[in-house]
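Next comes final-v7.cif, with mmCIF, N, CA and C atoms.
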```
data_run
#
loop_
_atom_site.label_atom_id
_atom_site.label_comp_id
_atom_site.auth_asym_id
_atom_site.auth_seq_id
_atom_site.Cartn_x
_atom_site.Cartn_y
_atom_site.Cartn_z
N MET A 868 0.85 -1.17 0.00
CA MET A 868 0.00 0.00 0.00
C MET A 868 0.90 1.23 0.00
N SER A 869 0.55 2.20 -0.78
CA SER A 869 1.33 3.42 -0.88
C SER A 869 0.94 4.38 0.24
N ASP A 870 1.93 5.13 0.72
CA ASP A 870 1.68 6.14 1.74
C ASP A 870 1.55 7.52 1.12
N VAL A 871 1.24 7.58 -0.17
CA VAL A 871 1.07 8.84 -0.87
C VAL A 871 -0.37 8.92 -1.37
N ARG A 872 -1.03 10.06 -1.17
CA ARG A 872 -2.41 10.22 -1.61
C ARG A 872 -2.69 11.69 -1.82
N PRO A 873 -3.73 12.00 -2.62
CA PRO A 873 -4.11 13.41 -2.76
C PRO A 873 -4.57 13.95 -1.41
N VAL A 874 -4.26 15.18 -1.12
CA VAL A 874 -4.61 15.75 0.19
C VAL A 874 -5.99 16.42 0.21
N ASP A 875 -6.67 16.45 -0.91
CA ASP A 875 -7.94 17.16 -0.96
C ASP A 875 -9.14 16.33 -0.54
N ARG A 876 -8.95 15.04 -0.29
CA ARG A 876 -10.07 14.20 0.12
C ARG A 876 -9.78 13.60 1.50
N PRO A 877 -10.76 13.62 2.40
CA PRO A 877 -10.55 13.05 3.73
C PRO A 877 -10.23 11.56 3.66
N LEU A 878 -9.36 11.13 4.53
CA LEU A 878 -8.95 9.73 4.61
C LEU A 878 -9.75 9.02 5.70
N ILE A 879 -10.47 7.97 5.30
CA ILE A 879 -11.21 7.13 6.23
C ILE A 879 -10.45 5.81 6.32
N CYS A 880 -10.15 5.36 7.54
CA CYS A 880 -9.42 4.11 7.73
C CYS A 880 -10.29 3.10 8.46
N PHE A 881 -10.27 1.87 7.96
CA PHE A 881 -11.02 0.77 8.55
C PHE A 881 -10.03 -0.28 9.05
N VAL A 882 -10.24 -0.75 10.29
CA VAL A 882 -9.43 -1.83 10.85
C VAL A 882 -10.38 -2.93 11.29
N ASP A 883 -10.23 -4.11 10.67
CA ASP A 883 -11.09 -5.25 10.99
C ASP A 883 -10.39 -6.52 10.53
N ASP A 884 -10.49 -7.57 11.28
CA ASP A 884 -9.83 -8.83 10.90
C ASP A 884 -10.68 -9.67 9.95
N GLU A 885 -11.87 -9.19 9.60
CA GLU A 885 -12.74 -9.91 8.68
C GLU A 885 -12.65 -9.28 7.28
N PRO A 886 -12.02 -9.98 6.32
CA PRO A 886 -11.86 -9.41 4.97
C PRO A 886 -13.16 -8.99 4.32
N SER A 887 -14.24 -9.73 4.55
CA SER A 887 -15.52 -9.37 3.92
C SER A 887 -16.06 -8.05 4.46
N ILE A 888 -15.85 -7.80 5.73
CA ILE A 888 -16.27 -6.52 6.33
C ILE A 888 -15.47 -5.38 5.73
N LEU A 889 -14.14 -5.56 5.66
CA LEU A 889 -13.29 -4.52 5.06
C LEU A 889 -13.70 -4.23 3.63
N ALA A 890 -13.95 -5.27 2.86
CA ALA A 890 -14.30 -5.10 1.44
C ALA A 890 -15.62 -4.36 1.29
N SER A 891 -16.64 -4.75 2.04
CA SER A 891 -17.95 -4.11 1.87
C SER A 891 -17.95 -2.67 2.37
N LEU A 892 -17.31 -2.41 3.49
CA LEU A 892 -17.30 -1.05 4.02
C LEU A 892 -16.48 -0.11 3.14
N SER A 893 -15.32 -0.59 2.70
CA SER A 893 -14.49 0.28 1.86
C SER A 893 -15.16 0.54 0.51
N ALA A 894 -15.84 -0.46 -0.04
CA ALA A 894 -16.56 -0.26 -1.31
C ALA A 894 -17.68 0.76 -1.14
N ALA A 895 -18.38 0.70 -0.03
CA ALA A 895 -19.48 1.63 0.20
C ALA A 895 -18.99 3.07 0.29
N ILE A 896 -17.91 3.30 1.01
CA ILE A 896 -17.42 4.68 1.15
C ILE A 896 -16.72 5.15 -0.12
N ARG A 897 -16.01 4.25 -0.82
CA ARG A 897 -15.36 4.63 -2.07
C ARG A 897 -16.38 5.01 -3.14
N SER A 898 -17.53 4.37 -3.12
CA SER A 898 -18.55 4.62 -4.14
C SER A 898 -19.04 6.07 -4.11
N ARG A 899 -18.87 6.74 -2.99
CA ARG A 899 -19.26 8.15 -2.89
C ARG A 899 -18.34 9.03 -3.73
N GLY A 900 -17.07 8.63 -3.83
CA GLY A 900 -16.12 9.36 -4.65
C GLY A 900 -15.46 10.56 -4.00
N ASP A 901 -15.83 10.88 -2.76
CA ASP A 901 -15.25 12.07 -2.13
C ASP A 901 -14.38 11.76 -0.91
N PHE A 902 -14.03 10.49 -0.73
CA PHE A 902 -13.16 10.08 0.37
C PHE A 902 -12.08 9.14 -0.13
N ASP A 903 -10.92 9.21 0.49
CA ASP A 903 -9.90 8.18 0.31
C ASP A 903 -10.12 7.14 1.40
N VAL A 904 -9.82 5.89 1.09
CA VAL A 904 -10.05 4.81 2.03
C VAL A 904 -8.80 3.94 2.12
N SER A 905 -8.43 3.59 3.34
CA SER A 905 -7.38 2.61 3.57
C SER A 905 -7.93 1.57 4.53
N THR A 906 -7.61 0.30 4.26
CA THR A 906 -8.09 -0.79 5.11
C THR A 906 -6.91 -1.56 5.68
N PHE A 907 -7.12 -2.11 6.87
CA PHE A 907 -6.08 -2.82 7.58
C PHE A 907 -6.69 -4.02 8.30
N ASP A 908 -6.04 -5.17 8.19
CA ASP A 908 -6.57 -6.37 8.83
C ASP A 908 -6.03 -6.57 10.24
N ARG A 909 -5.16 -5.66 10.68
CA ARG A 909 -4.63 -5.72 12.04
C ARG A 909 -4.40 -4.29 12.53
N ALA A 910 -4.52 -4.13 13.82
CA ALA A 910 -4.31 -2.81 14.43
C ALA A 910 -2.88 -2.33 14.21
N ALA A 911 -1.93 -3.22 14.34
CA ALA A 911 -0.52 -2.84 14.18
C ALA A 911 -0.24 -2.30 12.78
N ALA A 912 -0.92 -2.83 11.78
CA ALA A 912 -0.72 -2.35 10.41
C ALA A 912 -1.20 -0.91 10.28
N PHE A 913 -2.31 -0.57 10.91
CA PHE A 913 -2.77 0.82 10.88
C PHE A 913 -1.76 1.72 11.57
N LEU A 914 -1.28 1.33 12.73
CA LEU A 914 -0.35 2.17 13.48
C LEU A 914 0.96 2.38 12.72
N ALA A 915 1.34 1.41 11.89
CA ALA A 915 2.57 1.53 11.10
C ALA A 915 2.37 2.30 9.80
N PHE A 916 1.14 2.57 9.43
CA PHE A 916 0.80 3.27 8.19
C PHE A 916 1.35 4.69 8.25
N GLY A 917 2.09 5.08 7.26
CA GLY A 917 2.73 6.39 7.25
C GLY A 917 1.79 7.57 7.29
N LEU A 918 0.54 7.37 6.89
CA LEU A 918 -0.43 8.46 6.88
C LEU A 918 -1.48 8.35 7.99
N ALA A 919 -1.24 7.48 8.96
CA ALA A 919 -2.22 7.26 10.03
C ALA A 919 -2.60 8.56 10.73
N ALA A 920 -1.65 9.41 10.97
CA ALA A 920 -1.93 10.66 11.70
C ALA A 920 -2.84 11.60 10.92
N SER A 921 -2.93 11.42 9.60
CA SER A 921 -3.79 12.29 8.79
C SER A 921 -5.19 11.70 8.57
N THR A 922 -5.50 10.63 9.27
CA THR A 922 -6.83 10.01 9.21
C THR A 922 -7.88 11.02 9.66
N ARG A 923 -8.99 11.06 8.95
CA ARG A 923 -10.10 11.95 9.35
C ARG A 923 -11.15 11.21 10.16
N CYS A 924 -11.20 9.87 10.00
CA CYS A 924 -12.10 9.05 10.81
C CYS A 924 -11.56 7.62 10.79
N LEU A 925 -11.49 7.03 11.96
CA LEU A 925 -11.05 5.64 12.10
C LEU A 925 -12.25 4.80 12.52
N VAL A 926 -12.45 3.70 11.80
CA VAL A 926 -13.50 2.74 12.15
C VAL A 926 -12.80 1.44 12.48
N THR A 927 -12.98 0.96 13.70
CA THR A 927 -12.29 -0.26 14.12
C THR A 927 -13.23 -1.26 14.75
N ASP A 928 -12.89 -2.51 14.55
CA ASP A 928 -13.59 -3.60 15.22
C ASP A 928 -13.16 -3.60 16.69
N HIS A 929 -13.93 -4.28 17.49
CA HIS A 929 -13.62 -4.40 18.92
C HIS A 929 -12.72 -5.60 19.17
N LYS A 930 -13.15 -6.77 18.73
CA LYS A 930 -12.41 -8.02 18.97
C LYS A 930 -11.61 -8.38 17.73
N MET A 931 -10.28 -8.41 17.89
CA MET A 931 -9.38 -8.81 16.80
C MET A 931 -8.21 -9.55 17.43
N PRO A 932 -7.58 -10.44 16.64
CA PRO A 932 -6.38 -11.09 17.16
C PRO A 932 -5.25 -10.08 17.36
N GLY A 933 -4.37 -10.37 18.27
CA GLY A 933 -3.29 -9.43 18.55
C GLY A 933 -3.85 -8.24 19.32
N MET A 934 -3.56 -7.05 18.85
CA MET A 934 -4.06 -5.84 19.49
C MET A 934 -5.54 -5.66 19.16
N ASP A 935 -6.38 -5.58 20.19
CA ASP A 935 -7.81 -5.40 19.94
C ASP A 935 -8.13 -3.92 19.76
N GLY A 936 -9.40 -3.63 19.49
CA GLY A 936 -9.81 -2.27 19.22
C GLY A 936 -9.58 -1.31 20.37
N ARG A 937 -9.79 -1.76 21.59
CA ARG A 937 -9.58 -0.90 22.75
C ARG A 937 -8.12 -0.48 22.85
N HIS A 938 -7.22 -1.44 22.68
CA HIS A 938 -5.80 -1.12 22.78
C HIS A 938 -5.33 -0.26 21.60
N LEU A 939 -5.91 -0.49 20.44
CA LEU A 939 -5.59 0.35 19.28
C LEU A 939 -5.97 1.80 19.57
N ILE A 940 -7.18 2.01 20.07
CA ILE A 940 -7.64 3.37 20.33
C ILE A 940 -6.82 4.01 21.45
N ALA A 941 -6.47 3.25 22.45
CA ALA A 941 -5.63 3.78 23.52
C ALA A 941 -4.29 4.26 22.95
N GLU A 942 -3.73 3.52 22.01
CA GLU A 942 -2.46 3.91 21.39
C GLU A 942 -2.65 5.14 20.50
N VAL A 943 -3.75 5.19 19.76
CA VAL A 943 -4.06 6.36 18.94
C VAL A 943 -4.10 7.60 19.82
N ARG A 944 -4.78 7.52 20.93
CA ARG A 944 -4.90 8.67 21.84
C ARG A 944 -3.56 8.99 22.50
N ARG A 945 -2.77 7.98 22.84
CA ARG A 945 -1.46 8.20 23.43
C ARG A 945 -0.57 8.99 22.48
N ARG A 946 -0.72 8.73 21.19
CA ARG A 946 0.07 9.44 20.17
C ARG A 946 -0.44 10.86 19.92
N GLY A 947 -1.55 11.20 20.55
CA GLY A 947 -2.08 12.56 20.41
C GLY A 947 -2.96 12.76 19.19
N TRP A 948 -3.39 11.68 18.57
CA TRP A 948 -4.26 11.78 17.40
C TRP A 948 -5.70 11.94 17.89
N SER A 949 -6.34 12.99 17.45
CA SER A 949 -7.67 13.32 18.00
C SER A 949 -8.81 13.08 17.02
N PHE A 950 -8.55 12.44 15.89
CA PHE A 950 -9.63 12.20 14.93
C PHE A 950 -10.73 11.34 15.53
N PRO A 951 -11.95 11.45 14.99
CA PRO A 951 -13.06 10.65 15.50
C PRO A 951 -12.81 9.15 15.28
N VAL A 952 -13.23 8.37 16.27
CA VAL A 952 -13.12 6.92 16.19
C VAL A 952 -14.50 6.31 16.39
N ILE A 953 -14.83 5.39 15.50
CA ILE A 953 -16.08 4.63 15.58
C ILE A 953 -15.72 3.18 15.88
N VAL A 954 -16.36 2.60 16.88
CA VAL A 954 -16.20 1.18 17.15
C VAL A 954 -17.35 0.47 16.44
N ASN A 955 -16.99 -0.40 15.49
CA ASN A 955 -17.96 -1.16 14.70
C ASN A 955 -17.83 -2.61 15.13
N SER A 956 -18.77 -3.07 15.93
CA SER A 956 -18.60 -4.36 16.59
C SER A 956 -19.82 -5.26 16.45
N GLY A 957 -19.58 -6.54 16.57
CA GLY A 957 -20.67 -7.50 16.61
C GLY A 957 -21.32 -7.56 17.98
N PHE A 958 -20.73 -6.88 18.95
CA PHE A 958 -21.27 -6.83 20.30
C PHE A 958 -22.12 -5.58 20.48
N SER A 959 -23.07 -5.63 21.39
CA SER A 959 -23.92 -4.47 21.63
C SER A 959 -23.11 -3.36 22.30
N GLU A 960 -23.52 -2.14 22.03
CA GLU A 960 -22.85 -0.99 22.63
C GLU A 960 -22.86 -1.08 24.15
N ALA A 961 -24.00 -1.45 24.71
CA ALA A 961 -24.12 -1.53 26.17
C ALA A 961 -23.12 -2.50 26.78
N SER A 962 -22.83 -3.58 26.05
CA SER A 962 -21.92 -4.58 26.62
C SER A 962 -20.45 -4.21 26.51
N ILE A 963 -20.10 -3.31 25.56
CA ILE A 963 -18.67 -2.98 25.40
C ILE A 963 -18.31 -1.55 25.78
N ARG A 964 -19.27 -0.66 25.86
CA ARG A 964 -18.98 0.75 26.16
C ARG A 964 -18.08 0.93 27.38
N PRO A 965 -18.31 0.23 28.48
CA PRO A 965 -17.46 0.44 29.66
C PRO A 965 -15.96 0.19 29.39
N ARG A 966 -15.65 -0.73 28.49
CA ARG A 966 -14.24 -1.02 28.18
C ARG A 966 -13.56 0.17 27.50
N PHE A 967 -14.32 1.06 26.89
CA PHE A 967 -13.77 2.17 26.12
C PHE A 967 -13.86 3.51 26.86
N ALA A 968 -14.20 3.45 28.14
CA ALA A 968 -14.33 4.67 28.93
C ALA A 968 -13.02 5.46 28.89
N GLY A 969 -13.16 6.77 28.72
CA GLY A 969 -12.01 7.66 28.72
C GLY A 969 -11.24 7.73 27.42
N LEU A 970 -11.70 7.04 26.36
CA LEU A 970 -10.97 7.02 25.10
C LEU A 970 -11.59 7.93 24.03
N ASN A 971 -12.59 8.70 24.41
CA ASN A 971 -13.21 9.66 23.50
C ASN A 971 -13.70 9.00 22.21
N ILE A 972 -14.56 8.01 22.36
CA ILE A 972 -15.15 7.32 21.22
C ILE A 972 -16.29 8.18 20.67
N ALA A 973 -16.26 8.42 19.36
CA ALA A 973 -17.30 9.25 18.73
C ALA A 973 -18.62 8.50 18.61
N ALA A 974 -18.55 7.19 18.34
CA ALA A 974 -19.78 6.42 18.14
C ALA A 974 -19.50 4.93 18.25
N PHE A 975 -20.52 4.20 18.62
CA PHE A 975 -20.52 2.75 18.59
C PHE A 975 -21.59 2.33 17.59
N VAL A 976 -21.23 1.45 16.65
CA VAL A 976 -22.19 0.97 15.66
C VAL A 976 -22.10 -0.55 15.63
N GLU A 977 -23.24 -1.20 15.84
CA GLU A 977 -23.27 -2.66 15.79
C GLU A 977 -23.24 -3.12 14.34
N LYS A 978 -22.43 -4.14 14.07
CA LYS A 978 -22.31 -4.65 12.70
C LYS A 978 -23.65 -5.13 12.16
N SER A 979 -24.51 -5.62 13.04
CA SER A 979 -25.80 -6.14 12.60
C SER A 979 -26.72 -5.06 12.01
N THR A 980 -26.41 -3.78 12.25
CA THR A 980 -27.26 -2.71 11.72
C THR A 980 -27.00 -2.47 10.24
N GLY A 981 -25.91 -3.01 9.71
CA GLY A 981 -25.60 -2.86 8.29
C GLY A 981 -24.76 -1.63 8.00
N SER A 982 -24.30 -1.55 6.76
CA SER A 982 -23.36 -0.49 6.40
C SER A 982 -24.02 0.88 6.30
N ALA A 983 -25.32 0.95 6.05
CA ALA A 983 -25.98 2.26 5.90
C ALA A 983 -25.88 3.08 7.18
N VAL A 984 -26.08 2.46 8.33
CA VAL A 984 -25.98 3.18 9.60
C VAL A 984 -24.55 3.65 9.83
N LEU A 985 -23.60 2.80 9.54
CA LEU A 985 -22.20 3.17 9.69
C LEU A 985 -21.84 4.32 8.75
N MET A 986 -22.29 4.26 7.51
CA MET A 986 -21.99 5.31 6.55
C MET A 986 -22.58 6.65 7.00
N THR A 987 -23.79 6.64 7.48
CA THR A 987 -24.42 7.85 7.99
C THR A 987 -23.61 8.43 9.15
N THR A 988 -23.15 7.57 10.02
CA THR A 988 -22.36 8.01 11.17
C THR A 988 -21.04 8.62 10.72
N ILE A 989 -20.36 7.97 9.78
CA ILE A 989 -19.11 8.52 9.25
C ILE A 989 -19.35 9.90 8.65
N LEU A 990 -20.37 10.02 7.83
CA LEU A 990 -20.67 11.29 7.18
C LEU A 990 -20.95 12.41 8.19
N LYS A 991 -21.68 12.09 9.24
CA LYS A 991 -21.97 13.09 10.27
C LYS A 991 -20.69 13.56 10.96
N LEU A 992 -19.76 12.66 11.13
CA LEU A 992 -18.52 13.01 11.83
C LEU A 992 -17.51 13.72 10.94
N VAL A 993 -17.50 13.39 9.65
CA VAL A 993 -16.46 13.89 8.76
C VAL A 993 -16.90 15.11 7.96
N GLN A 994 -18.13 15.15 7.51
CA GLN A 994 -18.57 16.23 6.62
C GLN A 994 -18.33 17.63 7.23
N PRO A 995 -18.58 17.85 8.51
CA PRO A 995 -18.30 19.19 9.05
C PRO A 995 -16.82 19.55 8.97
N LEU A 996 -15.95 18.55 8.87
CA LEU A 996 -14.51 18.78 8.84
C LEU A 996 -14.01 19.05 7.43
N VAL A 997 -14.81 18.71 6.41
CA VAL A 997 -14.36 18.83 5.02
C VAL A 997 -14.30 20.27 4.60
#
```
Would you mind writing the file's structure down as structure tokens?
Amino acid sequence: MSDVRPVDRPLICFVDDEPSILASLSAAIRSRGDFDVSTFDRAAAFLAFGLAASTRCLVTDHKMPGMDGRHLIAEVRRRGWSFPVIVNSGFSEASIRPRFAGLNIAAFVEKSTGSAVLMTTILKLVQPLV
């Protein structure tokens, strides 16, 4: 993956260990034509991405092998990156929200709600920044 991109479009990054989730979500946001998208199958890959700090919105799964979503977000915040983060999980918000206390999560979206809810949430968070 190249670390070079046009700077005129917001960068949305997805981190999920399920390839089908990454493919469907990235296709949905790319189809709009006004965002750049990068996908990562592991949290460590996102953190190593040369353009991670320029992310406009991060969408991450909660449960992943290796570094999970909570630890990823804690590291993002430790690095001083303040972009909005959405937790997109197969678990209910009520069951996982306490684990993310103090990490400034912009939104929790259950995977079962489908990509339309997630897309609407991303747009609400990013469009005012464009």
Residues returned when the PyMOL selection byres ((chain A and resi 876-893) around 7) runs on this file, as number ranges by chain: A: 873-875, 894-898, 901-910, 921-928, 930-932, 982, 997
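Across A:Lys991, A:Asn971, A:Asp935, A:Ala919, the tightest approach to Ile953 of chain A is made by A:Asn971 when counting all atoms listed in the file.
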Between atom N of Ala974 of chain A and atom C of Met986 of chain A, distance in Å (one decimal):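 Separation between atom N of Ala974 of chain A and atom C of Met986 of chain A: 12.0 Å.
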Every residue of chain A that DSSP places in strand (DSSP E), as JSON, numbers by chain: {"A": [878, 879, 880, 881, 882, 903, 904, 905, 906, 907, 922, 923, 924, 925, 926, 927, 952, 953, 954, 955, 956, 974, 975, 976, 977]}
Separation of atom C of Phe950 of chain A from atom CA of Gly969 of chain A in Å: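 Distance reported for this atom pair: 13.8 Å.
Using only C-alpha atoms, the shortest contact distance between Ala973 of chain A and any of A:Ala961, A:Val952, A:Ile940, A:Ala911 is found at A:Val952.
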Distance in Å - atom CA of Met934 of chain A versus atom CA of Ala983 of chain A: 27.0 Å
Non-local contacts of Glu977 of chain A (6.5 Å; all atoms listed in the file; under 6 positions in same chain excluded) as a ChimeraX atom specification: /A:954-960
All helix (DSSP H, G or I) residues (DSSP, backbone) inside segment 881-942 of chain A, as an MDAnalysis selection string: chainID A and resid 886:897 910:915 919:921 936:942
Nearest candidate to Leu992 of chain A (options A:Arg899, A:Arg944, A:Leu970, A:Pro951; using only C-alpha atoms): A:Pro951
Regenerate segment 984-995 of chain A at the level of all heavy atoms and dump it as a short mmCIF file (atom, residue, chain, number, x, y, z; two decimals), in the frame of the given file.
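See rebuild-v6.cif below for the written result:
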```cif
data_model
loop_
_atom_site.label_atom_id
_atom_site.label_comp_id
_atom_site.auth_asym_id
_atom_site.auth_seq_id
_atom_site.Cartn_x
_atom_site.Cartn_y
_atom_site.Cartn_z
N VAL A 984 -26.08 2.46 8.33
CA VAL A 984 -25.98 3.18 9.60
C VAL A 984 -24.55 3.65 9.83
O VAL A 984 -24.31 4.79 10.23
CB VAL A 984 -26.46 2.29 10.78
CG1 VAL A 984 -26.18 2.94 12.12
CG2 VAL A 984 -27.94 1.98 10.64
N LEU A 985 -23.60 2.80 9.54
CA LEU A 985 -22.20 3.17 9.69
C LEU A 985 -21.84 4.32 8.75
O LEU A 985 -21.18 5.28 9.16
CB LEU A 985 -21.29 1.97 9.46
CG LEU A 985 -19.80 2.24 9.62
CD1 LEU A 985 -19.47 2.74 11.02
CD2 LEU A 985 -19.00 1.00 9.30
N MET A 986 -22.29 4.26 7.51
CA MET A 986 -21.99 5.31 6.55
C MET A 986 -22.58 6.65 7.00
O MET A 986 -21.92 7.68 6.90
CB MET A 986 -22.52 4.95 5.16
CG MET A 986 -21.91 3.69 4.57
SD MET A 986 -20.12 3.63 4.66
CE MET A 986 -19.70 5.05 3.73
N THR A 987 -23.79 6.64 7.48
CA THR A 987 -24.42 7.85 7.99
C THR A 987 -23.61 8.43 9.15
O THR A 987 -23.40 9.65 9.24
CB THR A 987 -25.87 7.57 8.42
OG1 THR A 987 -26.60 7.10 7.29
CG2 THR A 987 -26.54 8.81 8.99
N THR A 988 -23.15 7.57 10.02
CA THR A 988 -22.36 8.01 11.17
C THR A 988 -21.04 8.62 10.72
O THR A 988 -20.64 9.69 11.21
CB THR A 988 -22.11 6.82 12.12
OG1 THR A 988 -23.36 6.24 12.50
CG2 THR A 988 -21.35 7.25 13.37
N ILE A 989 -20.36 7.97 9.78
CA ILE A 989 -19.11 8.52 9.25
C ILE A 989 -19.35 9.90 8.65
O ILE A 989 -18.61 10.85 8.92
CB ILE A 989 -18.49 7.56 8.21
CG1 ILE A 989 -17.99 6.29 8.88
CG2 ILE A 989 -17.35 8.25 7.45
CD1 ILE A 989 -17.60 5.18 7.91
N LEU A 990 -20.37 10.02 7.83
CA LEU A 990 -20.67 11.29 7.18
C LEU A 990 -20.95 12.41 8.19
O LEU A 990 -20.50 13.53 8.02
CB LEU A 990 -21.82 11.15 6.20
CG LEU A 990 -21.53 10.27 4.99
CD1 LEU A 990 -22.79 10.09 4.15
CD2 LEU A 990 -20.40 10.83 4.16
N LYS A 991 -21.68 12.09 9.24
CA LYS A 991 -21.97 13.09 10.27
C LYS A 991 -20.69 13.56 10.96
O LYS A 991 -20.57 14.73 11.31
CB LYS A 991 -22.93 12.52 11.32
CG LYS A 991 -24.36 12.44 10.86
CD LYS A 991 -25.24 11.87 11.95
CE LYS A 991 -26.67 11.71 11.47
NZ LYS A 991 -27.51 11.05 12.49
N LEU A 992 -19.76 12.66 11.13
CA LEU A 992 -18.52 13.01 11.83
C LEU A 992 -17.51 13.72 10.94
O LEU A 992 -16.74 14.56 11.40
CB LEU A 992 -17.87 11.74 12.40
CG LEU A 992 -18.62 11.06 13.53
CD1 LEU A 992 -18.02 9.71 13.85
CD2 LEU A 992 -18.63 11.96 14.77
N VAL A 993 -17.50 13.39 9.65
CA VAL A 993 -16.46 13.89 8.76
C VAL A 993 -16.90 15.11 7.96
O VAL A 993 -16.10 16.02 7.73
CB VAL A 993 -15.97 12.77 7.81
CG1 VAL A 993 -14.99 13.29 6.80
CG2 VAL A 993 -15.34 11.65 8.63
N GLN A 994 -18.13 15.15 7.51
CA GLN A 994 -18.57 16.23 6.62
C GLN A 994 -18.33 17.63 7.23
O GLN A 994 -17.89 18.51 6.51
CB GLN A 994 -20.04 16.07 6.22
CG GLN A 994 -20.28 14.90 5.31
CD GLN A 994 -19.64 15.02 3.93
OE1 GLN A 994 -18.64 15.68 3.72
NE2 GLN A 994 -20.23 14.35 2.97
N PRO A 995 -18.58 17.85 8.51
CA PRO A 995 -18.30 19.19 9.05
C PRO A 995 -16.82 19.55 8.97
O PRO A 995 -16.47 20.71 9.00
CB PRO A 995 -18.75 19.11 10.50
CG PRO A 995 -19.68 17.94 10.56
CD PRO A 995 -19.23 16.99 9.48
#
```
